[in-house]
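Shown here: entry.cif, mmCIF, C-alpha atoms and all ligand atoms.
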data_work
#
loop_
_atom_site.label_atom_id
_atom_site.label_comp_id
_atom_site.auth_asym_id
_atom_site.auth_seq_id
_atom_site.Cartn_x
_atom_site.Cartn_y
_atom_site.Cartn_z
CA MET A 741 83.40 -9.71 -46.13
CA ASN A 742 82.83 -6.12 -47.26
CA ASN A 743 79.68 -4.10 -47.68
CA LEU A 744 77.72 -5.24 -44.66
CA ASP A 745 74.21 -3.85 -44.76
CA LEU A 746 73.35 -2.53 -41.30
CA LYS A 747 70.21 -0.60 -42.28
CA VAL A 748 66.97 -1.55 -40.58
CA ASP A 749 63.44 -0.41 -41.33
CA LEU A 750 61.22 -0.16 -38.26
CA ASN A 751 58.04 0.20 -40.28
CA GLY A 752 58.87 3.61 -41.73
CA LEU A 753 61.58 4.64 -39.27
CA ILE A 754 64.78 3.80 -41.13
CA LEU A 755 67.94 3.48 -39.05
CA ASP A 756 71.45 3.49 -40.55
CA ASN A 757 72.31 0.77 -38.06
CA PRO A 758 70.34 -1.23 -35.47
CA VAL A 759 72.11 0.09 -32.36
CA THR A 760 70.12 2.70 -30.44
CA VAL A 761 70.23 4.03 -26.89
CA ALA A 762 67.44 3.49 -24.36
CA SER A 763 65.47 6.32 -22.81
CA GLY A 764 66.73 7.62 -19.48
CA THR A 765 70.23 6.26 -19.85
CA PHE A 766 71.71 8.72 -22.36
CA GLY A 767 70.13 12.05 -21.37
CA PHE A 768 69.91 14.09 -24.57
CA GLY A 769 73.30 12.87 -25.73
CA ARG A 770 75.33 15.88 -24.53
CA GLU A 771 77.21 14.07 -21.74
CA PHE A 772 78.30 11.35 -24.16
CA GLU A 773 79.65 13.63 -26.88
CA PRO A 774 83.21 13.60 -25.42
CA TYR A 775 83.27 9.80 -25.51
CA LEU A 776 81.79 8.79 -28.82
CA ASP A 777 80.66 10.08 -32.19
CA LEU A 778 76.89 10.49 -31.89
CA ASN A 779 76.63 10.03 -35.67
CA GLU A 780 77.37 6.33 -35.07
CA ILE A 781 74.10 5.76 -33.18
CA GLY A 782 71.09 4.45 -35.11
CA ALA A 783 68.66 6.41 -32.92
CA ILE A 784 68.62 8.21 -29.60
CA SER A 785 65.58 7.74 -27.40
CA VAL A 786 65.78 10.79 -25.17
CA LYS A 787 65.14 10.98 -21.44
CA GLY A 788 61.44 10.45 -20.69
CA LEU A 789 59.60 13.73 -21.27
CA THR A 790 56.63 15.14 -19.39
CA LEU A 791 54.45 18.20 -20.03
CA GLU A 792 56.03 20.16 -17.20
CA PRO A 793 59.62 19.95 -15.92
CA ARG A 794 60.12 17.38 -13.12
CA GLN A 795 62.73 17.20 -10.37
CA GLY A 796 62.36 13.45 -10.01
CA ASN A 797 62.29 11.56 -6.72
CA GLU A 798 64.12 12.59 -3.56
CA GLY A 799 66.76 10.71 -1.59
CA VAL A 800 68.59 7.58 -2.71
CA ARG A 801 67.27 6.66 -6.13
CA ILE A 802 69.81 4.28 -7.58
CA VAL A 803 71.22 1.09 -6.08
CA GLU A 804 73.68 -1.32 -7.65
CA THR A 805 72.68 -4.99 -7.51
CA PRO A 806 74.33 -8.19 -8.75
CA MET A 807 74.57 -7.77 -12.55
CA GLY A 808 72.33 -4.73 -12.59
CA MET A 809 70.85 -1.71 -10.85
CA ILE A 810 67.52 -0.61 -9.45
CA ASN A 811 66.46 2.96 -10.13
CA SER A 812 63.66 5.16 -8.94
CA VAL A 813 64.80 8.35 -10.65
CA GLY A 814 61.18 9.39 -11.18
CA LEU A 815 61.28 10.92 -14.67
CA GLN A 816 63.49 13.89 -13.86
CA ASN A 817 63.44 15.97 -17.04
CA PRO A 818 63.29 19.60 -18.22
CA GLY A 819 59.82 19.23 -19.80
CA VAL A 820 58.71 18.91 -23.40
CA HIS A 821 58.96 22.63 -24.23
CA HIS A 822 62.59 22.86 -23.14
CA PHE A 823 63.27 19.73 -25.20
CA ILE A 824 61.76 21.34 -28.28
CA GLU A 825 63.63 24.61 -27.86
CA HIS A 826 67.07 23.37 -26.78
CA GLU A 827 67.55 19.65 -27.29
CA ILE A 828 66.06 19.01 -30.74
CA PRO A 829 68.37 21.63 -32.38
CA TYR A 830 71.34 20.09 -30.54
CA LEU A 831 70.50 16.52 -31.60
CA ARG A 832 69.78 17.57 -35.19
CA GLN A 833 73.46 18.37 -35.67
CA PHE A 834 74.05 14.64 -35.79
CA ASN A 835 73.11 11.98 -38.28
CA THR A 836 70.95 9.96 -35.91
CA LYS A 837 67.21 9.51 -35.51
CA ILE A 838 65.46 11.28 -32.62
CA ILE A 839 62.91 9.31 -30.61
CA ALA A 840 60.87 11.38 -28.14
CA ASN A 841 59.94 9.22 -25.13
CA ILE A 842 56.66 10.53 -23.66
CA ASN A 843 55.11 10.02 -20.25
CA GLY A 844 51.90 11.06 -18.56
CA ASN A 845 49.84 10.68 -15.41
CA THR A 846 46.64 10.44 -17.45
CA THR A 847 45.65 9.52 -21.01
CA GLN A 848 44.93 13.22 -21.64
CA GLU A 849 48.52 14.11 -20.71
CA TYR A 850 49.91 11.55 -23.17
CA VAL A 851 47.61 12.91 -25.86
CA ARG A 852 48.68 16.50 -25.17
CA MET A 853 52.36 15.49 -25.45
CA ALA A 854 51.69 13.73 -28.75
CA GLU A 855 49.80 16.76 -30.11
CA ILE A 856 52.63 19.09 -29.14
CA LEU A 857 55.32 16.87 -30.70
CA ASN A 858 53.31 16.21 -33.85
CA SER A 859 54.52 19.44 -35.45
CA GLU A 860 58.11 19.16 -34.16
CA ASP A 861 61.20 17.73 -35.79
CA VAL A 862 61.33 14.30 -34.14
CA ASP A 863 61.47 11.04 -36.09
CA SER A 864 59.37 8.97 -33.74
CA ILE A 865 57.37 9.12 -30.53
CA GLU A 866 57.92 6.37 -27.97
CA LEU A 867 54.96 5.95 -25.65
CA ASN A 868 56.22 4.79 -22.25
CA ILE A 869 53.25 2.97 -20.75
CA SER A 870 55.09 1.99 -17.59
CA CYS A 871 53.99 5.23 -15.90
CA PRO A 872 51.59 5.09 -12.94
CA ASN A 873 48.01 5.87 -13.96
CA VAL A 874 46.77 8.31 -11.32
CA LYS A 875 43.13 7.65 -12.18
CA ASN A 876 43.64 3.92 -11.72
CA GLY A 877 45.19 3.81 -8.25
CA GLY A 878 48.73 4.36 -9.56
CA LEU A 879 49.00 1.01 -11.39
CA ALA A 880 51.11 1.28 -14.53
CA PHE A 881 49.09 1.99 -17.72
CA GLY A 882 50.82 -0.90 -19.45
CA THR A 883 49.57 -3.58 -17.06
CA ASN A 884 45.87 -3.28 -17.87
CA PRO A 885 44.78 -4.36 -21.39
CA LYS A 886 41.76 -1.99 -21.42
CA VAL A 887 43.88 0.97 -20.40
CA VAL A 888 46.54 0.04 -22.97
CA GLU A 889 43.89 0.06 -25.66
CA GLU A 890 42.57 3.44 -24.53
CA VAL A 891 45.93 5.20 -24.34
CA VAL A 892 47.41 3.78 -27.57
CA LYS A 893 44.23 4.55 -29.53
CA ALA A 894 44.08 8.10 -28.15
CA VAL A 895 47.74 8.83 -28.89
CA ARG A 896 47.47 7.30 -32.38
CA ASN A 897 44.59 9.67 -33.12
CA ALA A 898 46.61 12.62 -31.85
CA THR A 899 49.68 12.22 -34.08
CA ASP A 900 50.79 11.11 -37.55
CA LYS A 901 54.32 10.53 -36.31
CA HIS A 902 55.93 7.11 -36.31
CA LEU A 903 54.74 5.59 -33.03
CA ILE A 904 56.63 3.14 -30.85
CA VAL A 905 54.88 1.71 -27.80
CA LYS A 906 57.21 0.59 -25.02
CA LEU A 907 55.99 -2.37 -23.00
CA THR A 908 56.50 -3.15 -19.35
CA PRO A 909 57.62 -6.71 -18.49
CA ASN A 910 55.58 -6.60 -15.27
CA VAL A 911 52.50 -8.24 -16.79
CA THR A 912 50.90 -11.68 -16.89
CA ASP A 913 50.50 -12.03 -20.65
CA ILE A 914 52.71 -9.79 -22.77
CA LYS A 915 51.37 -11.28 -26.02
CA GLU A 916 47.89 -10.00 -25.26
CA ILE A 917 49.23 -6.49 -24.60
CA ALA A 918 51.39 -6.57 -27.75
CA LYS A 919 48.42 -7.57 -29.92
CA ILE A 920 46.35 -4.70 -28.55
CA VAL A 921 49.18 -2.26 -29.24
CA GLU A 922 49.48 -3.50 -32.83
CA ALA A 923 45.72 -3.45 -33.42
CA ASN A 924 45.53 0.16 -32.28
CA GLY A 925 48.00 1.50 -34.79
CA ALA A 926 51.48 1.41 -33.26
CA ASN A 927 54.23 1.19 -35.89
CA CYS A 928 56.70 -0.60 -33.65
CA ILE A 929 56.99 -2.14 -30.17
CA SER A 930 59.92 -1.59 -27.82
CA LEU A 931 60.62 -3.77 -24.81
CA ILE A 932 61.51 -4.32 -22.05
CA ASN A 933 61.19 -1.50 -19.60
CA THR A 934 62.56 -2.23 -16.12
CA VAL A 935 61.46 -5.14 -13.92
CA THR A 936 60.15 -4.17 -10.47
CA GLY A 937 62.73 -4.77 -7.77
CA MET A 938 63.76 -3.90 -4.22
CA ALA A 939 66.95 -4.00 -2.13
CA ILE A 940 67.34 -3.77 1.65
CA ASP A 941 70.17 -2.44 3.82
CA ILE A 942 70.24 -5.23 6.41
CA TYR A 943 72.09 -3.21 9.07
CA GLN A 944 69.76 -0.22 8.89
CA ARG A 945 66.90 -2.67 8.30
CA LYS A 946 65.52 -0.28 5.70
CA PRO A 947 64.90 -0.39 1.98
CA ILE A 948 67.88 1.29 0.27
CA LEU A 949 65.75 3.35 -2.10
CA LYS A 950 63.79 6.16 -0.50
CA ARG A 951 60.68 5.00 -2.38
CA LYS A 952 61.34 1.42 -1.31
CA SER A 953 61.27 -0.19 -4.74
CA GLY A 954 62.21 0.70 -8.29
CA GLY A 955 63.05 -0.71 -11.70
CA LEU A 956 65.72 -3.36 -12.18
CA SER A 957 67.83 -3.16 -15.34
CA GLY A 958 71.14 -4.45 -16.68
CA PRO A 959 72.44 -7.97 -17.47
CA ALA A 960 70.33 -9.42 -14.62
CA VAL A 961 67.18 -8.86 -16.71
CA LYS A 962 68.55 -10.05 -20.07
CA PRO A 963 67.09 -13.59 -20.07
CA ILE A 964 63.68 -12.16 -19.09
CA ALA A 965 63.91 -9.67 -21.93
CA ILE A 966 64.98 -12.29 -24.50
CA LYS A 967 61.98 -14.46 -23.58
CA LEU A 968 59.53 -11.56 -23.76
CA VAL A 969 60.94 -10.31 -27.09
CA HIS A 970 60.51 -13.81 -28.48
CA ASP A 971 56.93 -13.98 -27.15
CA VAL A 972 56.09 -10.65 -28.76
CA TYR A 973 57.79 -11.69 -32.01
CA GLN A 974 55.46 -14.68 -32.17
CA ALA A 975 52.40 -12.55 -31.43
CA VAL A 976 52.70 -9.53 -33.77
CA SER A 977 54.07 -8.61 -37.17
CA ILE A 978 55.18 -5.02 -36.47
CA PRO A 979 58.92 -4.49 -35.84
CA ILE A 980 60.49 -4.87 -32.40
CA LEU A 981 63.12 -2.71 -30.71
CA GLY A 982 64.62 -5.01 -28.08
CA MET A 983 66.44 -4.04 -24.90
CA GLY A 984 67.33 -5.28 -21.44
CA GLY A 985 70.90 -5.86 -20.27
CA ILE A 986 72.69 -5.54 -23.62
CA MET A 987 76.43 -5.03 -23.02
CA THR A 988 78.07 -6.69 -26.04
CA GLY A 989 77.57 -7.42 -29.72
CA GLU A 990 76.74 -11.03 -28.83
CA ASP A 991 73.94 -9.83 -26.52
CA ALA A 992 72.56 -7.70 -29.35
CA VAL A 993 72.63 -10.63 -31.78
CA GLU A 994 70.79 -12.77 -29.22
CA PHE A 995 67.96 -10.21 -29.13
CA MET A 996 67.74 -10.14 -32.92
CA LEU A 997 67.66 -13.92 -33.18
CA ALA A 998 64.85 -13.84 -30.60
CA GLY A 999 62.90 -11.54 -32.93
CA ALA A 1000 64.14 -7.96 -32.52
CA ASP A 1001 64.76 -5.81 -35.61
CA ALA A 1002 66.94 -3.35 -33.71
CA ILE A 1003 68.23 -3.03 -30.15
CA ALA A 1004 68.80 -0.40 -27.47
CA ILE A 1005 71.54 -0.10 -24.88
CA GLY A 1006 70.49 1.25 -21.49
CA THR A 1007 72.40 0.41 -18.32
CA GLY A 1008 75.38 -0.56 -20.52
CA ASN A 1009 75.95 3.16 -21.21
CA PHE A 1010 76.62 3.77 -17.51
CA VAL A 1011 79.19 0.99 -17.32
CA ASN A 1012 80.90 1.67 -20.64
CA PRO A 1013 80.31 5.07 -22.28
CA THR A 1014 81.41 3.67 -25.66
CA ALA A 1015 79.10 0.64 -25.41
CA VAL A 1016 77.26 1.72 -28.59
CA ILE A 1017 80.45 1.55 -30.66
CA ASP A 1018 81.58 -1.73 -29.11
CA VAL A 1019 78.18 -3.37 -29.62
CA LYS A 1020 78.06 -2.20 -33.24
CA LYS A 1021 81.54 -3.60 -33.93
CA GLY A 1022 80.52 -6.85 -32.23
CA ILE A 1023 77.48 -7.21 -34.50
CA GLU A 1024 79.65 -6.59 -37.58
CA LYS A 1025 82.15 -9.18 -36.41
CA TYR A 1026 79.38 -11.74 -35.95
CA LEU A 1027 77.91 -11.03 -39.40
CA GLU A 1028 81.33 -11.45 -40.99
CA TYR A 1029 82.04 -14.65 -39.08
CA MET A 1030 78.65 -16.12 -40.00
CA GLU A 1031 78.90 -14.80 -43.56
CA ILE A 1032 75.59 -12.97 -43.31
CA LYS A 1033 75.52 -9.77 -45.39
CA SER A 1034 72.51 -7.98 -43.97
CA VAL A 1035 71.70 -7.43 -40.30
CA SER A 1036 67.97 -7.53 -41.05
CA LYS A 1037 68.38 -11.26 -41.82
CA LEU A 1038 68.98 -11.94 -38.12
CA LYS A 1039 65.42 -11.23 -37.01
CA GLY A 1040 63.99 -14.48 -35.66
CA TYR A 1041 66.67 -16.47 -37.56
CA LEU A 1042 66.64 -19.37 -35.11
CA ASN A 1043 67.06 -23.00 -36.01
CA THR A 1044 63.86 -24.79 -35.14
CA VAL A 1045 63.96 -26.81 -31.96
CA GLU A 1046 62.79 -30.38 -32.51
C1 LIG A 1101 68.27 5.32 -14.77
C2 LIG A 1101 67.24 4.83 -15.74
C3 LIG A 1101 66.26 5.72 -16.21
C4 LIG A 1101 65.28 5.29 -17.12
N1 LIG A 1101 64.36 6.18 -17.57
C5 LIG A 1101 63.44 5.78 -18.51
C6 LIG A 1101 62.53 6.72 -19.08
O1 LIG A 1101 62.56 7.91 -18.79
N2 LIG A 1101 61.62 6.26 -19.99
C7 LIG A 1101 61.59 4.94 -20.37
O2 LIG A 1101 60.75 4.57 -21.20
N3 LIG A 1101 62.47 4.04 -19.88
C8 LIG A 1101 63.38 4.43 -18.95
N4 LIG A 1101 64.29 3.52 -18.46
C9 LIG A 1101 64.26 2.12 -18.94
C10 LIG A 1101 65.32 1.88 -20.03
O3 LIG A 1101 65.08 2.71 -21.15
C11 LIG A 1101 65.33 0.38 -20.47
O4 LIG A 1101 64.07 0.05 -20.99
C12 LIG A 1101 65.65 -0.56 -19.32
O5 LIG A 1101 66.61 -0.01 -18.44
C13 LIG A 1101 66.16 -1.94 -19.81
O6 LIG A 1101 67.34 -1.83 -20.56
P1 LIG A 1101 68.82 -1.97 -19.90
O7 LIG A 1101 68.81 -3.23 -19.07
O8 LIG A 1101 69.76 -2.02 -21.06
O9 LIG A 1101 69.04 -0.76 -19.05
C14 LIG A 1101 65.27 3.93 -17.55
C15 LIG A 1101 66.27 3.05 -17.08
C16 LIG A 1101 67.24 3.48 -16.20
C17 LIG A 1101 68.30 2.50 -15.73
#
In structure tokens, how does this file's structure come out?
Amino acid sequence: MNNLDLKVDLNGLILDNPVTVASGTFGFGREFEPYLDLNEIGAISVKGLTLEPRQGNEGVRIVETPMGMINSVGLQNPGVHHFIEHEIPYLRQFNTKIIANINGNTTQEYVRMAEILNSEDVDSIELNISCPNVKNGGLAFGTNPKVVEEVVKAVRNATDKHLIVKLTPNVTDIKEIAKIVEANGANCISLINTVTGMAIDIYQRKPILKRKSGGLSGPAVKPIAIKLVHDVYQAVSIPILGMGGIMTGEDAVEFMLAGADAIAIGTGNFVNPTAVIDVKKGIEKYLEYMEIKSVSKLKGYLNTVE
């Protein structure tokens, strides 16, 4: 079947194809340029940005686990101003959408980031609400419905840019959080961020990561992510960018059937630098096999369970 339509519209952010890369797993694209054509990627969500440059956490900060990895990289990044000066011009050489992933210790820091980026050449801002809220004892912003409301509302007021809010899976009721995010003006929801995890070196009798615990990602989290994407799909009508353990085209299709409009590859990029291309080909193969012309038809296209 020819002429597959891979375009997706994430509520104003139009992607040539639904395969994007997840923040923190693709840098600013430079390291991947030798391996794949960056023009093939629907969108690049860049490494999580902060107001000032950050060195990230010390000591061991990544550990491999069965079917995944736990990281406590700690938002190492060159800061938003360096991004604007050096990385936007680099990324603009390619035909891909730029998503600026923003992070803060306080609501004011998120707002400042959004204000700064508002006049810059990025296609979307992705608000990472998995960051610790220093004014709230270090608990992630995204775990408290009141705080979610405050930060999304404040950022929405600070920018006219397309706004994606990225949810943490480490909550009791993700539907409640998703509804708040939608009601406060987000254009799109992305999920999942990493699941809290810990690994121990039994001979040293010490946690392997210097900071004890971190965020689990990779195929180990995929079933959790599929369930949460489906929950969010049932709760809101804004588009969903799904992620969590996607390694193949079949994985990507599973996310879309669960309710995602587009998907992101994270840990998969570390295992297979051409994962984006392989996943895209896998989606095309599935569409051809199922005789479905447009990828946007896959969203929530599940047979009802009796
Ligand atoms: C090493 C590493 C760094 C990450 N850094 C960020 C980040 O800066 N901002 C963010 O929103 N998510 C970050 N994430 C989360 C990923 O974007 C993604 O949501 C998560 O890993 C689940 O997808 P995956 O299983 O395909 O990796 C990071 C993940 C990893 C593994």
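One finds CA of Ile978 in chain A at 25.5 Å from atom C3 of ligand LIG 1101 (chain A).
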Could I get the residues of chain A with an atom no further than 6 Å from an atom of ligand LIG 1101 (chain A), each paired with its nearest atom pair and that distance in Å to one decimal, using all atoms listed in the file, sorted by chain and residue number, as a tab-separated table?
residue	atom	partner	partner_atom	distance
A:Ala762	CA	A:LIG1101	O3	4.1
A:Ser763	CA	A:LIG1101	O3	4.0
A:Gly764	CA	A:LIG1101	N1	3.4
A:Thr765	CA	A:LIG1101	C2	5.3
A:Lys787	CA	A:LIG1101	O1	4.8
A:Gly788	CA	A:LIG1101	O1	3.4
A:Asn811	CA	A:LIG1101	C1	5.5
A:Leu815	CA	A:LIG1101	O1	5.3
A:Asn868	CA	A:LIG1101	O2	4.7
A:Ile932	CA	A:LIG1101	O4	5.2
A:Asn933	CA	A:LIG1101	O4	3.6
A:Thr934	CA	A:LIG1101	C12	4.8
A:Ser957	CA	A:LIG1101	O7	3.9
A:Gly958	CA	A:LIG1101	O7	3.6
A:Met983	CA	A:LIG1101	O6	5.0
A:Gly984	CA	A:LIG1101	O7	3.5
A:Gly985	CA	A:LIG1101	O7	3.6
A:Ile986	CA	A:LIG1101	O8	5.2
A:Ile1005	CA	A:LIG1101	O8	4.6
A:Gly1006	CA	A:LIG1101	O8	3.4
A:Thr1007	CA	A:LIG1101	O9	3.6
A:Gly1008	CA	A:LIG1101	O8	5.8
Closest atom pairs, residues of range 744-815 of chain A within 8 Å of range 835-855 of chain A, only C-alpha atoms, as CSV:
residue,atom,partner,partner_atom,distance
A:Leu755,CA,A:Lys837,CA,7.0
A:Asp756,CA,A:Thr836,CA,8.0
A:Ser763,CA,A:Asn841,CA,6.7
A:Leu778,CA,A:Thr836,CA,7.2
A:Asn779,CA,A:Asn835,CA,4.8
A:Glu780,CA,A:Thr836,CA,7.4
A:Ile781,CA,A:Thr836,CA,5.9
A:Gly782,CA,A:Thr836,CA,5.6
A:Ala783,CA,A:Lys837,CA,4.3
A:Ile784,CA,A:Ile838,CA,5.3
A:Ser785,CA,A:Ile839,CA,4.5
A:Val786,CA,A:Ala840,CA,5.8
A:Lys787,CA,A:Asn841,CA,6.6
A:Gly788,CA,A:Asn841,CA,4.8
A:Leu789,CA,A:Ile842,CA,5.0
A:Thr790,CA,A:Asn843,CA,5.4
A:Leu791,CA,A:Met853,CA,6.4
* Non-local contacts of Glu860 in chain A (8 Å; all atoms listed in the file; under 3 positions in same chain excluded) as a list in words -> Ile824, Ile856 and Leu857 of chain A
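Counting from CA of Ile802 in chain A, the distance to CA of Gly767 in chain A is 15.8 Å.
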* Asked: Can you tell me, as a ChimeraX atom specification, what residues are no more than 12 Å from range 925-928 of chain A when counting only C-alpha atoms, ignoring any on the same chain fewer than 5 positions away?
  -> /A:749-754,864-867,888-907,917-920,972-973,976-982,1000-1002
* Quick one: residues within 9 Å of His970 in chain A, all atoms listed in the file counted, chain neighbours fewer than 2 positions away excluded, as a PyMOL selection string? -> chain A and resi 965-968+972-975+995+997-1000+1040
Can I get the selected residues back with C-alpha atoms, as a compact mmCIF listing (two decimals), in the coordinates of the input?
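Final output, saved to selection-v4.txt:
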# COMPACT_ATOMS: atom_id res chain seq x y z
CA ALA A 965 63.91 -9.67 -21.93
CA ILE A 966 64.98 -12.29 -24.50
CA LYS A 967 61.98 -14.46 -23.58
CA LEU A 968 59.53 -11.56 -23.76
CA VAL A 972 56.09 -10.65 -28.76
CA TYR A 973 57.79 -11.69 -32.01
CA GLN A 974 55.46 -14.68 -32.17
CA ALA A 975 52.40 -12.55 -31.43
CA PHE A 995 67.96 -10.21 -29.13
CA LEU A 997 67.66 -13.92 -33.18
CA ALA A 998 64.85 -13.84 -30.60
CA GLY A 999 62.90 -11.54 -32.93
CA ALA A 1000 64.14 -7.96 -32.52
CA GLY A 1040 63.99 -14.48 -35.66
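Straight-line separation from CA of Asn817 in chain A to CA of Leu831 in chain A: 16.2 Å.
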If we count all atoms listed in the file, what is near range 945-947 of chain A at a cut-off of 12 Å, once residues fewer than 5 positions away on the same chain are taken out, given as a PDB file with C-alpha atoms, in the frame of the given file?
ATOM      1  CA  GLY A 799      66.760  10.710  -1.590  1.00  0.00           C
ATOM      2  CA  VAL A 800      68.590   7.580  -2.710  1.00  0.00           C
ATOM      3  CA  ARG A 801      67.270   6.660  -6.130  1.00  0.00           C
ATOM      4  CA  ILE A 802      69.810   4.280  -7.580  1.00  0.00           C
ATOM      5  CA  VAL A 803      71.220   1.090  -6.080  1.00  0.00           C
ATOM      6  CA  ILE A 810      67.520  -0.610  -9.450  1.00  0.00           C
ATOM      7  CA  GLY A 937      62.730  -4.770  -7.770  1.00  0.00           C
ATOM      8  CA  MET A 938      63.760  -3.900  -4.220  1.00  0.00           C
ATOM      9  CA  ALA A 939      66.950  -4.000  -2.130  1.00  0.00           C
ATOM     10  CA  ILE A 940      67.340  -3.770   1.650  1.00  0.00           C
ATOM     11  CA  LYS A 952      61.340   1.420  -1.310  1.00  0.00           C
ATOM     12  CA  SER A 953      61.270  -0.190  -4.740  1.00  0.00           C
ATOM     13  CA  GLY A 954      62.210   0.700  -8.290  1.00  0.00           C
TER      14      GLY A 954
END
Do a neighbour search on Val911 in chain A at 6 Å with all atoms listed in the file, toss out local chain neighbours closer than 2 positions, and write the hits as a PDB file with C-alpha atoms, in the frame of the given file.
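Output file part.pdb is given in full below:
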ATOM      1  CA  THR A 883      49.570  -3.580 -17.060  1.00  0.00           C
ATOM      2  CA  PRO A 909      57.620  -6.710 -18.490  1.00  0.00           C
ATOM      3  CA  ASP A 913      50.500 -12.030 -20.650  1.00  0.00           C
TER       4      ASP A 913
END
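Proximity ranking of A:Met1030, A:Ala1015, A:Ile942, A:Leu744 relative to Asn757 in chain A places A:Leu744 first, based on only C-alpha atoms.
Distance annotation: of A:Glu804, A:Lys1039, A:Val820, A:Thr908, the residue with the minimal separation from Leu879 in chain A is A:Thr908; atom set is all atoms listed in the file.
Nearest residue to Leu949 in chain A, choosing from A:Asn743, A:Gly814, A:Met987, A:Pro774 and counting only C-alpha atoms: A:Gly814.
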Output requested as a PDB file, keeping the file's coordinate frame - range 766-778 of chain A, filled out with N, CA and C atoms.
ATOM      1  N   PHE A 766      70.808   8.007 -21.436  1.00  0.00           N
ATOM      2  CA  PHE A 766      71.710   8.720 -22.360  1.00  0.00           C
ATOM      3  C   PHE A 766      71.392  10.212 -22.360  1.00  0.00           C
ATOM      4  N   GLY A 767      70.543  10.646 -21.418  1.00  0.00           N
ATOM      5  CA  GLY A 767      70.130  12.050 -21.370  1.00  0.00           C
ATOM      6  C   GLY A 767      69.634  12.499 -22.725  1.00  0.00           C
ATOM      7  N   PHE A 768      70.195  13.625 -23.211  1.00  0.00           N
ATOM      8  CA  PHE A 768      69.910  14.090 -24.570  1.00  0.00           C
ATOM      9  C   PHE A 768      71.181  13.991 -25.413  1.00  0.00           C
ATOM     10  N   GLY A 769      72.085  13.156 -24.955  1.00  0.00           N
ATOM     11  CA  GLY A 769      73.300  12.870 -25.730  1.00  0.00           C
ATOM     12  C   GLY A 769      74.498  13.733 -25.343  1.00  0.00           C
ATOM     13  N   ARG A 770      74.248  14.908 -24.744  1.00  0.00           N
ATOM     14  CA  ARG A 770      75.330  15.880 -24.530  1.00  0.00           C
ATOM     15  C   ARG A 770      76.490  15.299 -23.708  1.00  0.00           C
ATOM     16  N   GLU A 771      76.154  14.582 -22.630  1.00  0.00           N
ATOM     17  CA  GLU A 771      77.210  14.070 -21.740  1.00  0.00           C
ATOM     18  C   GLU A 771      78.065  13.018 -22.416  1.00  0.00           C
ATOM     19  N   PHE A 772      77.551  12.429 -23.502  1.00  0.00           N
ATOM     20  CA  PHE A 772      78.300  11.350 -24.160  1.00  0.00           C
ATOM     21  C   PHE A 772      79.151  11.853 -25.333  1.00  0.00           C
ATOM     22  N   GLU A 773      78.940  13.114 -25.708  1.00  0.00           N
ATOM     23  CA  GLU A 773      79.650  13.630 -26.880  1.00  0.00           C
ATOM     24  C   GLU A 773      81.177  13.540 -26.741  1.00  0.00           C
ATOM     25  N   PRO A 774      81.744  13.746 -25.515  1.00  0.00           N
ATOM     26  CA  PRO A 774      83.210  13.600 -25.420  1.00  0.00           C
ATOM     27  C   PRO A 774      83.700  12.164 -25.641  1.00  0.00           C
ATOM     28  N   TYR A 775      82.813  11.191 -25.496  1.00  0.00           N
ATOM     29  CA  TYR A 775      83.270   9.800 -25.510  1.00  0.00           C
ATOM     30  C   TYR A 775      83.058   9.084 -26.833  1.00  0.00           C
ATOM     31  N   LEU A 776      82.046   9.508 -27.573  1.00  0.00           N
ATOM     32  CA  LEU A 776      81.790   8.790 -28.820  1.00  0.00           C
ATOM     33  C   LEU A 776      81.149   9.725 -29.850  1.00  0.00           C
ATOM     34  N   ASP A 777      81.226   9.299 -31.097  1.00  0.00           N
ATOM     35  CA  ASP A 777      80.660  10.080 -32.190  1.00  0.00           C
ATOM     36  C   ASP A 777      79.160   9.763 -32.264  1.00  0.00           C
ATOM     37  N   LEU A 778      78.339  10.750 -31.942  1.00  0.00           N
ATOM     38  CA  LEU A 778      76.890  10.490 -31.890  1.00  0.00           C
ATOM     39  C   LEU A 778      76.321  10.124 -33.268  1.00  0.00           C
TER      40      LEU A 778
END
